[in-house]
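Engineer: File query28.txt follows (compact mmCIF, C-alpha atoms (C1' of nucleotides)):
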```
# COMPACT_ATOMS: atom_id res chain seq x y z
CA MET D 11 10.92 -25.80 23.08
CA SER D 12 9.59 -25.58 19.54
CA SER D 13 11.14 -23.49 16.77
CA PRO D 14 10.31 -19.79 16.37
CA ARG D 15 8.34 -20.50 13.23
CA GLU D 16 6.16 -23.05 15.01
CA ARG D 17 5.67 -20.77 17.99
CA ILE D 18 4.57 -17.94 15.69
CA ILE D 19 2.05 -20.10 13.83
CA ASN D 20 0.67 -21.58 17.03
CA THR D 21 0.27 -18.19 18.68
CA ALA D 22 -1.20 -16.61 15.57
CA SER D 23 -3.66 -19.49 15.28
CA ILE D 24 -5.02 -18.80 18.72
CA LEU D 25 -5.06 -15.02 18.39
CA PHE D 26 -6.46 -14.81 14.86
CA HIS D 27 -9.18 -17.24 15.79
CA GLN D 28 -10.02 -15.53 19.05
CA GLN D 29 -9.64 -11.83 18.25
CA GLY D 30 -9.83 -11.77 14.47
CA TYR D 31 -7.16 -11.06 11.89
CA ASN D 32 -7.22 -7.27 11.76
CA SER D 33 -7.51 -6.91 15.51
CA THR D 34 -4.36 -8.92 16.11
CA GLY D 35 -1.04 -7.11 15.69
CA ILE D 36 2.38 -8.50 14.93
CA ASN D 37 3.67 -7.09 18.20
CA GLN D 38 1.23 -9.12 20.24
CA ILE D 39 2.02 -12.24 18.26
CA ILE D 40 5.79 -12.03 18.69
CA SER D 41 5.48 -11.04 22.32
CA GLU D 42 3.26 -14.01 23.21
CA ALA D 43 5.29 -16.35 21.01
CA ASN D 44 8.55 -15.16 22.62
CA VAL D 45 10.13 -14.34 19.29
CA ALA D 46 12.12 -11.28 18.27
CA LYS D 47 10.65 -9.04 15.63
CA ALA D 48 13.63 -9.52 13.34
CA SER D 49 13.15 -13.27 13.64
CA PHE D 50 9.54 -12.94 12.67
CA TYR D 51 10.37 -11.10 9.46
CA GLN D 52 13.03 -13.68 8.68
CA HIS D 53 10.34 -16.36 8.50
CA PHE D 54 7.45 -14.35 7.08
CA LYS D 55 7.86 -11.54 4.63
CA SER D 56 4.65 -9.85 5.80
CA LYS D 57 1.57 -10.24 7.96
CA GLU D 58 -0.32 -11.41 4.89
CA ALA D 59 2.24 -14.20 4.40
CA LEU D 60 1.66 -15.26 7.99
CA CYS D 61 -2.08 -15.24 7.36
CA ILE D 62 -1.67 -17.65 4.47
CA ALA D 63 0.64 -19.91 6.49
CA PHE D 64 -1.89 -19.89 9.29
CA LEU D 65 -4.77 -20.80 6.98
CA ASN D 66 -2.77 -23.68 5.51
CA ALA D 67 -1.94 -24.98 8.98
CA ARG D 68 -5.56 -24.58 10.03
CA HIS D 69 -6.71 -26.47 6.95
CA GLU D 70 -4.45 -29.41 7.80
CA TYR D 71 -5.51 -29.50 11.42
CA TRP D 72 -9.24 -28.97 10.93
CA PHE D 73 -9.59 -31.47 8.12
CA SER D 74 -7.70 -34.28 9.81
CA GLU D 75 -9.79 -33.76 12.93
CA LEU D 76 -12.97 -33.89 10.86
CA LEU D 77 -11.89 -37.05 9.06
CA SER D 78 -10.95 -38.91 12.21
CA PHE D 79 -14.20 -37.82 13.86
CA VAL D 80 -16.24 -39.02 10.91
CA ALA D 81 -14.30 -42.28 10.68
CA LYS D 82 -15.85 -43.41 13.95
CA ALA D 83 -19.04 -44.22 12.07
CA GLU D 84 -19.47 -47.04 9.60
CA HIS D 85 -22.25 -46.05 7.26
CA SER D 86 -22.59 -42.98 5.12
CA LYS D 87 -25.55 -41.47 6.96
CA ALA D 88 -23.94 -41.88 10.36
CA LYS D 89 -20.76 -40.31 9.04
CA LEU D 90 -22.69 -37.26 7.92
CA LEU D 91 -24.41 -36.89 11.26
CA ASN D 92 -21.00 -37.19 12.91
CA ALA D 93 -19.77 -34.30 10.82
CA PHE D 94 -22.37 -32.13 12.51
CA ASP D 95 -21.41 -33.47 15.91
CA PHE D 96 -17.91 -32.37 15.02
CA ILE D 97 -19.22 -28.80 14.76
CA ILE D 98 -20.69 -29.10 18.23
CA GLN D 99 -17.39 -30.37 19.59
CA MET D 100 -15.45 -27.55 17.96
CA ASN D 101 -17.93 -24.96 19.18
CA GLN D 102 -17.32 -26.06 22.72
CA LYS D 103 -13.58 -26.31 22.25
CA GLU D 104 -13.26 -22.89 20.64
CA ASN D 105 -16.05 -20.90 22.26
CA PHE D 106 -18.33 -20.57 19.26
CA ARG D 107 -15.80 -18.64 17.22
CA GLY D 108 -17.07 -20.11 13.95
CA CYS D 109 -14.98 -20.77 10.87
CA SER D 110 -11.53 -19.18 10.62
CA PHE D 111 -11.79 -19.11 6.86
CA LEU D 112 -15.13 -17.35 6.70
CA ASN D 113 -14.11 -14.95 9.46
CA ILE D 114 -11.08 -13.88 7.49
CA LEU D 115 -13.15 -13.73 4.31
CA SER D 116 -15.17 -10.96 5.96
CA GLU D 117 -12.02 -9.02 6.85
CA ILE D 118 -10.01 -9.00 3.65
CA SER D 119 -10.23 -6.44 0.88
CA LYS D 120 -10.71 -6.94 -2.85
CA GLU D 121 -6.96 -6.74 -3.41
CA GLN D 122 -6.04 -9.75 -1.29
CA ASP D 123 -6.78 -12.54 -3.79
CA ASP D 124 -3.94 -14.70 -2.47
CA ILE D 125 -5.82 -15.12 0.77
CA LEU D 126 -9.15 -15.55 -1.00
CA SER D 127 -7.74 -18.43 -3.05
CA VAL D 128 -6.68 -20.32 0.06
CA ILE D 129 -10.14 -19.89 1.56
CA GLN D 130 -11.83 -21.05 -1.63
CA ALA D 131 -9.53 -24.07 -1.87
CA HIS D 132 -10.43 -25.08 1.68
CA LYS D 133 -14.14 -24.88 0.98
CA ASN D 134 -13.80 -26.74 -2.30
CA ASP D 135 -12.11 -29.54 -0.40
CA LEU D 136 -15.02 -29.61 1.99
CA ARG D 137 -17.48 -29.74 -0.87
CA SER D 138 -15.51 -32.64 -2.38
CA PHE D 139 -15.64 -34.44 0.94
CA PHE D 140 -19.42 -34.37 0.92
CA GLU D 141 -19.60 -35.30 -2.75
CA LYS D 142 -17.46 -38.36 -2.22
CA GLU D 143 -19.47 -39.38 0.81
CA ILE D 144 -22.86 -38.87 -0.81
CA GLY D 145 -22.45 -39.31 -4.52
CA ASP D 146 -25.45 -37.32 -5.69
CA GLU D 147 -24.43 -33.84 -6.81
CA LEU D 148 -27.42 -31.80 -5.70
CA LEU D 149 -27.83 -33.64 -2.42
CA SER D 150 -24.20 -33.17 -1.48
CA ALA D 151 -24.46 -29.45 -2.23
CA HIS D 152 -27.53 -29.44 -0.03
CA ILE D 153 -25.69 -31.01 2.89
CA TYR D 154 -22.70 -28.74 2.34
CA LEU D 155 -24.94 -25.67 2.53
CA LEU D 156 -26.54 -26.89 5.74
CA PHE D 157 -23.11 -27.63 7.18
CA GLU D 158 -21.86 -24.15 6.40
CA SER D 159 -24.84 -22.38 7.90
CA ALA D 160 -24.75 -24.66 10.93
CA ILE D 161 -21.28 -23.34 11.71
CA ILE D 162 -22.19 -19.71 11.15
CA GLU D 163 -25.46 -19.74 13.02
CA SER D 164 -23.87 -21.32 16.04
CA GLN D 165 -21.28 -18.54 16.03
CA LEU D 166 -24.03 -15.95 15.67
CA PHE D 167 -26.31 -17.25 18.41
CA LYS D 168 -23.59 -18.85 20.53
CA SER D 169 -25.69 -21.99 20.58
CA ASN D 170 -25.89 -25.44 19.02
CA GLU D 171 -29.64 -25.17 18.44
CA LEU D 172 -29.45 -24.92 14.68
CA VAL D 173 -26.77 -27.61 14.47
CA GLU D 174 -29.17 -29.98 16.20
CA LYS D 175 -31.95 -28.89 13.87
CA SER D 176 -29.67 -29.56 10.91
CA LYS D 177 -29.16 -33.10 12.16
CA LYS D 178 -32.92 -33.60 12.31
CA ILE D 179 -33.28 -32.23 8.80
CA ILE D 180 -30.63 -34.57 7.47
CA ASP D 181 -32.16 -37.48 9.30
CA SER D 182 -35.41 -36.90 7.45
CA LEU D 183 -33.62 -36.15 4.21
CA ILE D 184 -31.49 -39.25 3.73
CA MET A 25 -28.11 18.61 0.41
CA SER A 26 -28.89 16.10 3.14
CA SER A 27 -28.06 16.56 6.81
CA PRO A 28 -24.63 15.66 8.22
CA ARG A 29 -26.10 12.71 10.08
CA GLU A 30 -27.60 11.31 6.89
CA ARG A 31 -24.41 11.87 4.95
CA ILE A 32 -22.40 10.06 7.62
CA ILE A 33 -24.72 7.05 7.66
CA ASN A 34 -24.84 6.87 3.88
CA THR A 35 -21.08 7.08 3.53
CA ALA A 36 -20.47 4.62 6.34
CA SER A 37 -22.93 2.21 4.75
CA ILE A 38 -20.96 2.16 1.54
CA LEU A 39 -17.54 1.99 3.17
CA PHE A 40 -18.35 -0.55 5.89
CA HIS A 41 -19.97 -2.75 3.31
CA GLN A 42 -17.17 -2.40 0.79
CA GLN A 43 -14.02 -2.32 2.94
CA GLY A 44 -15.21 -3.83 6.21
CA TYR A 45 -15.75 -2.23 9.60
CA ASN A 46 -12.24 -2.33 11.04
CA SER A 47 -10.61 -1.28 7.80
CA THR A 48 -12.69 1.88 7.59
CA GLY A 49 -11.56 4.83 9.69
CA ILE A 50 -13.54 7.77 11.00
CA ASN A 51 -11.29 10.12 9.05
CA GLN A 52 -12.20 8.54 5.74
CA ILE A 53 -15.89 8.58 6.59
CA ILE A 54 -16.02 12.27 7.52
CA SER A 55 -13.83 13.24 4.60
CA GLU A 56 -16.02 11.46 2.03
CA ALA A 57 -19.20 12.59 3.77
CA ASN A 58 -17.96 16.21 3.84
CA VAL A 59 -18.53 16.54 7.55
CA ALA A 60 -16.27 18.06 10.19
CA LYS A 61 -14.90 15.79 12.85
CA ALA A 62 -16.51 17.79 15.64
CA SER A 63 -19.84 17.41 13.87
CA PHE A 64 -19.38 13.69 13.69
CA TYR A 65 -18.86 13.36 17.41
CA GLN A 66 -21.88 15.56 18.04
CA HIS A 67 -24.08 12.97 16.35
CA PHE A 68 -22.31 9.79 17.39
CA LYS A 69 -20.54 9.31 20.66
CA SER A 70 -18.15 6.71 19.21
CA LYS A 71 -17.40 4.58 16.18
CA GLU A 72 -19.27 1.75 17.84
CA ALA A 73 -22.37 3.95 18.10
CA LEU A 74 -22.09 4.67 14.40
CA CYS A 75 -21.82 0.97 13.73
CA ILE A 76 -25.08 0.32 15.53
CA ALA A 77 -26.81 3.19 13.73
CA PHE A 78 -25.53 1.79 10.44
CA LEU A 79 -26.81 -1.72 11.21
CA ASN A 80 -30.22 -0.35 12.13
CA ALA A 81 -30.40 1.63 8.91
CA ARG A 82 -29.24 -1.40 6.96
CA HIS A 83 -31.87 -3.53 8.62
CA GLU A 84 -34.64 -1.13 7.58
CA TYR A 85 -33.40 -0.86 4.03
CA TRP A 86 -32.62 -4.51 3.43
CA PHE A 87 -35.84 -5.84 4.89
CA SER A 88 -38.14 -3.47 3.05
CA GLU A 89 -36.37 -4.34 -0.19
CA LEU A 90 -36.79 -8.05 0.54
CA LEU A 91 -40.48 -7.66 1.37
CA SER A 92 -41.30 -5.69 -1.75
CA PHE A 93 -39.33 -8.17 -3.86
CA VAL A 94 -41.17 -11.11 -2.36
CA ALA A 95 -44.55 -9.37 -2.66
CA LYS A 96 -44.33 -9.68 -6.45
CA ALA A 97 -45.31 -13.33 -6.14
CA GLU A 98 -48.72 -14.61 -5.10
CA HIS A 99 -48.21 -18.02 -3.60
CA SER A 100 -46.00 -19.08 -0.74
CA LYS A 101 -43.61 -21.20 -2.78
CA ALA A 102 -43.09 -18.51 -5.40
CA LYS A 103 -42.44 -15.98 -2.65
CA LEU A 104 -39.70 -18.19 -1.22
CA LEU A 105 -38.07 -18.62 -4.60
CA ASN A 106 -38.23 -14.87 -5.03
CA ALA A 107 -36.34 -14.43 -1.78
CA PHE A 108 -33.43 -16.27 -3.36
CA ASP A 109 -33.69 -14.19 -6.50
CA PHE A 110 -33.39 -11.20 -4.18
CA ILE A 111 -29.98 -12.52 -3.13
CA ILE A 112 -28.94 -12.68 -6.77
CA GLN A 113 -30.08 -9.12 -7.33
CA MET A 114 -28.22 -7.86 -4.28
CA ASN A 115 -25.08 -9.76 -5.25
CA GLN A 116 -25.04 -7.96 -8.57
CA LYS A 117 -25.88 -4.60 -7.00
CA GLU A 118 -23.25 -4.87 -4.28
CA ASN A 119 -20.51 -6.92 -5.93
CA PHE A 120 -20.88 -10.10 -3.91
CA ARG A 121 -20.03 -8.44 -0.61
CA GLY A 122 -22.33 -10.78 1.32
CA CYS A 123 -24.22 -9.91 4.47
CA SER A 124 -23.23 -6.75 6.38
CA PHE A 125 -24.39 -8.30 9.62
CA LEU A 126 -22.38 -11.50 9.28
CA ASN A 127 -19.35 -9.57 8.05
CA ILE A 128 -19.36 -7.40 11.15
CA LEU A 129 -20.01 -10.46 13.30
CA SER A 130 -16.63 -11.77 12.18
CA GLU A 131 -14.89 -8.53 13.12
CA ILE A 132 -16.19 -7.76 16.58
CA SER A 133 -14.68 -8.95 19.85
CA LYS A 134 -16.31 -10.68 22.79
CA GLU A 135 -16.79 -7.36 24.56
CA GLN A 136 -19.01 -5.76 21.94
CA ASP A 137 -22.34 -7.33 22.92
CA ASP A 138 -24.29 -4.21 21.93
CA ILE A 139 -23.40 -4.85 18.32
CA LEU A 140 -23.95 -8.59 18.64
CA SER A 141 -27.50 -7.99 19.88
CA VAL A 142 -28.38 -5.90 16.83
CA ILE A 143 -27.06 -8.63 14.53
CA GLN A 144 -28.99 -11.32 16.37
CA ALA A 145 -32.18 -9.25 16.27
CA HIS A 146 -31.84 -8.87 12.54
CA LYS A 147 -31.42 -12.59 11.98
CA ASN A 148 -34.28 -13.41 14.33
CA ASP A 149 -36.50 -11.17 12.23
CA LEU A 150 -35.41 -13.06 9.15
CA ARG A 151 -36.19 -16.37 10.82
CA SER A 152 -39.63 -15.05 11.76
CA PHE A 153 -40.23 -14.01 8.19
CA PHE A 154 -39.69 -17.56 6.99
CA GLU A 155 -41.74 -19.01 9.83
CA LYS A 156 -44.71 -16.81 8.98
CA GLU A 157 -44.40 -17.65 5.32
CA ILE A 158 -44.05 -21.40 5.81
CA GLY A 159 -45.73 -22.30 9.07
CA ASP A 160 -43.86 -25.51 9.80
CA GLU A 161 -41.09 -24.95 12.33
CA LEU A 162 -38.46 -27.36 11.09
CA LEU A 163 -39.06 -26.61 7.44
CA SER A 164 -38.76 -22.87 7.97
CA ALA A 165 -35.49 -23.38 9.84
CA HIS A 166 -34.38 -25.49 6.91
CA ILE A 167 -35.13 -22.74 4.40
CA TYR A 168 -33.53 -20.13 6.65
CA LEU A 169 -30.32 -22.15 6.83
CA LEU A 170 -30.22 -22.52 3.06
CA PHE A 171 -30.87 -18.82 2.66
CA GLU A 172 -28.01 -17.90 4.97
CA SER A 173 -25.50 -20.18 3.29
CA ALA A 174 -26.65 -19.03 -0.15
CA ILE A 175 -25.58 -15.50 0.77
CA ILE A 176 -22.26 -16.54 2.25
CA GLU A 177 -21.27 -18.95 -0.47
CA SER A 178 -21.96 -16.40 -3.17
CA GLN A 179 -19.67 -13.99 -1.34
CA LEU A 180 -17.04 -16.68 -1.00
CA PHE A 181 -17.06 -17.86 -4.62
CA LYS A 182 -18.21 -14.57 -6.15
CA SER A 183 -20.87 -16.52 -7.99
CA ASN A 184 -24.59 -17.26 -7.88
CA GLU A 185 -24.07 -20.98 -8.51
CA LEU A 186 -25.09 -22.12 -5.05
CA VAL A 187 -28.00 -19.69 -4.93
CA GLU A 188 -29.35 -21.33 -8.06
CA LYS A 189 -28.77 -24.75 -6.54
CA SER A 190 -30.64 -23.65 -3.43
CA LYS A 191 -33.60 -22.73 -5.59
CA LYS A 192 -33.56 -26.20 -7.13
CA ILE A 193 -33.38 -27.78 -3.69
CA ILE A 194 -36.34 -25.75 -2.47
CA ASP A 195 -38.28 -26.56 -5.60
CA SER A 196 -37.94 -30.26 -4.84
CA LEU A 197 -38.54 -29.71 -1.14
CA ILE A 198 -41.85 -27.88 -1.12
C1' DT J 2 -31.06 42.87 14.04
C1' DT J 3 -29.48 40.33 17.65
C1' DA J 4 -29.04 35.86 19.99
C1' DT J 5 -28.71 30.96 19.65
C1' DA J 6 -27.58 26.84 17.60
C1' DA J 7 -25.26 24.00 14.45
C1' DA J 8 -21.63 22.93 11.25
C1' DC J 9 -17.31 24.15 9.77
C1' DA J 10 -11.73 23.48 9.63
C1' DG J 11 -8.14 21.40 11.49
C1' DA J 12 -4.50 20.97 15.15
C1' DC J 13 -3.45 17.86 18.71
C1' DA J 14 -2.91 13.91 22.12
C1' DA J 15 -1.95 9.32 22.93
C1' DG J 16 -1.90 5.37 21.17
C1' DT J 17 -1.84 1.78 17.53
C1' DC J 18 -0.02 -0.39 13.37
C1' DT J 19 3.66 -2.73 9.97
C1' DG J 20 8.08 -3.13 8.66
C1' DT J 21 13.33 -1.88 8.90
C1' DC J 22 17.48 -1.57 11.10
C1' DT J 23 21.51 -2.02 14.36
C1' DG J 24 23.94 -4.65 17.19
C1' DT J 25 24.54 -8.64 20.48
C1' DA J 26 24.23 -13.38 22.06
C1' DA J 27 23.64 -18.14 21.38
C1' DT J 28 23.91 -22.16 18.51
C1' DA J 29 25.74 -25.24 14.54
C1' DT J 30 28.89 -26.60 11.44
C1' DT J 31 33.38 -27.26 9.64
C1' DA T 8 38.71 -23.78 18.05
C1' DA T 9 37.12 -20.70 14.28
C1' DT T 10 33.48 -19.62 11.29
C1' DA T 11 28.73 -19.17 9.79
C1' DT T 12 24.10 -19.16 10.89
C1' DT T 13 20.23 -18.15 13.59
C1' DA T 14 17.76 -15.83 17.17
C1' DC T 15 17.83 -12.37 20.33
C1' DA T 16 16.42 -7.26 22.17
C1' DG T 17 14.61 -3.28 21.06
C1' DA T 18 14.96 1.42 18.95
C1' DC T 19 13.08 3.72 15.12
C1' DA T 20 10.39 5.52 10.98
C1' DG T 21 6.24 6.71 9.10
C1' DA T 22 1.74 6.16 8.79
C1' DC T 23 -2.35 5.10 10.75
C1' DT T 24 -6.14 5.00 14.63
C1' DT T 25 -10.02 7.26 17.78
C1' DG T 26 -11.39 10.98 20.21
C1' DT T 27 -10.83 15.97 22.20
C1' DC T 28 -10.38 20.65 21.76
C1' DT T 29 -10.16 25.58 20.04
C1' DG T 30 -11.91 28.78 17.32
C1' DT T 31 -14.50 30.41 13.07
C1' DT T 32 -18.35 30.60 10.03
C1' DT T 33 -22.93 29.80 8.63
C1' DA T 34 -27.80 29.26 9.36
C1' DT T 35 -31.91 29.60 12.08
C1' DA T 36 -35.13 31.93 15.41
C1' DA T 37 -36.68 35.63 18.47
```
If you took the structure in this file and wrote it as structure tokens, what would it be?
Structural biologist:
Amino acid sequence: MSSPRERIINTASILFHQQGYNSTGINQIISEANVAKASFYQHFKSKEALCIAFLNARHEYWFSELLSFVAKAEHSKAKLLNAFDFIIQMNQKENFRGCSFLNILSEISKEQDDILSVIQAHKNDLRSFFEKEIGDELLSAHIYLLFESAIIESQLFKSNELVEKSKKIIDSLI
Amino acid sequence: MSSPRERIINTASILFHQQGYNSTGINQIISEANVAKASFYQHFKSKEALCIAFLNARHEYWFSELLSFVAKAEHSKAKLLNAFDFIIQMNQKENFRGCSFLNILSEISKEQDDILSVIQAHKNDLRSFFEKEIGDELLSAHIYLLFESAIIESQLFKSNELVEKSKKIIDSLI
DNA sequence: TTATAAACAGACAAGTCTGTCTGTAATATT
DNA sequence: AATATTACAGACAGACTTGTCTGTTTATAA
């Protein structure tokens, strides 16, 4: 069996993503992770610290999945279209729960800048990904914006309709 | 002085929008609205009912503000650009707190479909607004997607940078 | 002026939350 | 084998949550 720390992160990943950050308590996390409360606070000094550890783990996971999904294609345009197919795959896998980072963004208060920084760093990495792939500054911002709304709108309407539309738009754009 | 119901909605509007839905308790709302708890539950059967009343009030307010802002322009293209200037105005007015509807979307659980329906209705109205203004189906979806991400990204980065970029994109698009 | 309605204050129940603490059991290292 | 570390169980504090309830005061209407 994995270490307590791993079990906590894995359980928190599922629960935060499924129920939201504020709606998930430490007690539920440690109970489902089979970890004692004292052990939890030995690894994480607070719930906020766990949140940051979760976001970092999520960043690693999500990005490597995106990259390997995109790598299936050869040319730049096909890679971009694959990125949107990646959204569709994740929607199915995770029941249209949207983006962990943006979900938590909506839940945190002004005081929690530590968390905000991690979210911003993640999205800056995503922006850089598109910039490297596309080159042109304005066009890559354009694609990034469509990518972001494609995720959110599929969460909102529980449907891939606007992801598909985004693909059509990009097809006519590039 | 206004009625208790009005005071509750007004206070909840500020607090939900500033602190988030789950982080705002009934006790804080009634205390800042100067309303007795019994009076609150005479007007709203639950916090969820208040949430729906708030979203409806927000819908009315936000949409009429958008329409009057857009009406300043004559032609279709100028109206669309004005819609993005409306985002900039609201960002300044409300400290980059983003969209109330999408914020609450991130906080609710699977079971709260009543709230989800109100959010979806709001966004469908927004989509219709762009469709009426533009005509073309795919293009109006395109503008809608850019509009949505413009709001979210300005909340995320506490900046109007990507709203301005969206305006440039639309300028070259139409 | 009397009767009806609405808003008031605030205690209370029953549950949640995070974080601390005590003490025991299992595991690693020397 | 003895020591040091790590994880365990779970009680506890203190503060929060939503919603109910009792009783009082104010405002409206007959």
Engineer: With all atoms listed in the file as the counted atoms, please give the residues lying no more than 7 Å from Ala160 (chain D), apart from itself and same-chain residues fewer than 6 positions off, as a CSV table (one decimal) with C-alpha atoms, in the coordinates of the input.
Structural biologist:
```csv
chain,number,residue,atom,x,y,z
D,172,LEU,CA,-29.4,-24.9,14.7
D,173,VAL,CA,-26.8,-27.6,14.5
D,176,SER,CA,-29.7,-29.6,10.9
```
Engineer: If I take CA of Phe106 (chain D) and CA of Lys147 (chain A), how far is one from the other in Å, to one decimal?
Structural biologist: 17.0 Å
Engineer: Determine which residues of chain A sit within 10 Å of chain T, taking into account only C-alpha atoms (C1' of nucleotides), and present them as a PyMOL selection string.
Structural biologist: chain A and resi 49-51+61-62+65+69-71
Engineer: Within 10 Å of chain J, which residues of chain A show up when using all atoms listed in the file, listed as JSON, numbers by chain?
Structural biologist: {"A": [28, 58, 59, 60, 61, 62, 63, 64, 66]}
Engineer: What does the distance from CA of Cys109 (chain D) to CA of Lys134 (chain A) come to in Å, to one decimal?
Structural biologist: 15.7 Å
Engineer: As JSON, what would the box around region 153-165 of chain D look like: edges along x, y and z, 6 Å added on every side, centre and edge lengths in Å to one decimal?
Structural biologist:
```
{"center_x": -23.9, "center_y": -24.8, "center_z": 9.2, "size_x": 17.3, "size_y": 24.5, "size_z": 25.7}
```
Engineer: Which residues of chain A are close to chain D, meaning at most 10 Å apart when you count all atoms listed in the file, and how do they look as an mmCIF file with C-alpha atoms, keeping the file's coordinate frame?
Structural biologist:
```
data_model
loop_
_atom_site.group_PDB
_atom_site.id
_atom_site.type_symbol
_atom_site.label_atom_id
_atom_site.label_comp_id
_atom_site.auth_asym_id
_atom_site.auth_seq_id
_atom_site.Cartn_x
_atom_site.Cartn_y
_atom_site.Cartn_z
ATOM 1 C CA HIS A 41 -19.970 -2.750 3.310
ATOM 2 C CA GLN A 42 -17.170 -2.400 0.790
ATOM 3 C CA GLN A 43 -14.020 -2.320 2.940
ATOM 4 C CA GLY A 44 -15.210 -3.830 6.210
ATOM 5 C CA TYR A 45 -15.750 -2.230 9.600
ATOM 6 C CA ASN A 46 -12.240 -2.330 11.040
ATOM 7 C CA SER A 47 -10.610 -1.280 7.800
ATOM 8 C CA ARG A 121 -20.030 -8.440 -0.610
ATOM 9 C CA GLY A 122 -22.330 -10.780 1.320
ATOM 10 C CA CYS A 123 -24.220 -9.910 4.470
ATOM 11 C CA SER A 124 -23.230 -6.750 6.380
ATOM 12 C CA PHE A 125 -24.390 -8.300 9.620
ATOM 13 C CA LEU A 126 -22.380 -11.500 9.280
ATOM 14 C CA ASN A 127 -19.350 -9.570 8.050
ATOM 15 C CA ILE A 128 -19.360 -7.400 11.150
ATOM 16 C CA LEU A 129 -20.010 -10.460 13.300
ATOM 17 C CA SER A 130 -16.630 -11.770 12.180
ATOM 18 C CA GLU A 131 -14.890 -8.530 13.120
ATOM 19 C CA ILE A 132 -16.190 -7.760 16.580
ATOM 20 C CA SER A 133 -14.680 -8.950 19.850
ATOM 21 C CA LYS A 134 -16.310 -10.680 22.790
ATOM 22 C CA LEU A 140 -23.950 -8.590 18.640
ATOM 23 C CA SER A 141 -27.500 -7.990 19.880
ATOM 24 C CA ILE A 143 -27.060 -8.630 14.530
ATOM 25 C CA GLN A 144 -28.990 -11.320 16.370
ATOM 26 C CA LYS A 147 -31.420 -12.590 11.980
ATOM 27 C CA ASN A 148 -34.280 -13.410 14.330
ATOM 28 C CA LEU A 162 -38.460 -27.360 11.090
ATOM 29 C CA LEU A 163 -39.060 -26.610 7.440
ATOM 30 C CA ALA A 165 -35.490 -23.380 9.840
ATOM 31 C CA HIS A 166 -34.380 -25.490 6.910
ATOM 32 C CA ILE A 167 -35.130 -22.740 4.400
ATOM 33 C CA TYR A 168 -33.530 -20.130 6.650
ATOM 34 C CA LEU A 169 -30.320 -22.150 6.830
ATOM 35 C CA LEU A 170 -30.220 -22.520 3.060
ATOM 36 C CA PHE A 171 -30.870 -18.820 2.660
ATOM 37 C CA GLU A 172 -28.010 -17.900 4.970
ATOM 38 C CA SER A 173 -25.500 -20.180 3.290
ATOM 39 C CA ALA A 174 -26.650 -19.030 -0.150
ATOM 40 C CA ILE A 175 -25.580 -15.500 0.770
ATOM 41 C CA ILE A 176 -22.260 -16.540 2.250
ATOM 42 C CA GLU A 177 -21.270 -18.950 -0.470
ATOM 43 C CA GLN A 179 -19.670 -13.990 -1.340
ATOM 44 C CA LEU A 180 -17.040 -16.680 -1.000
ATOM 45 C CA PHE A 181 -17.060 -17.860 -4.620
ATOM 46 C CA LEU A 186 -25.090 -22.120 -5.050
ATOM 47 C CA LYS A 189 -28.770 -24.750 -6.540
ATOM 48 C CA SER A 190 -30.640 -23.650 -3.430
ATOM 49 C CA LYS A 192 -33.560 -26.200 -7.130
ATOM 50 C CA ILE A 193 -33.380 -27.780 -3.690
ATOM 51 C CA ILE A 194 -36.340 -25.750 -2.470
ATOM 52 C CA LEU A 197 -38.540 -29.710 -1.140
#
```
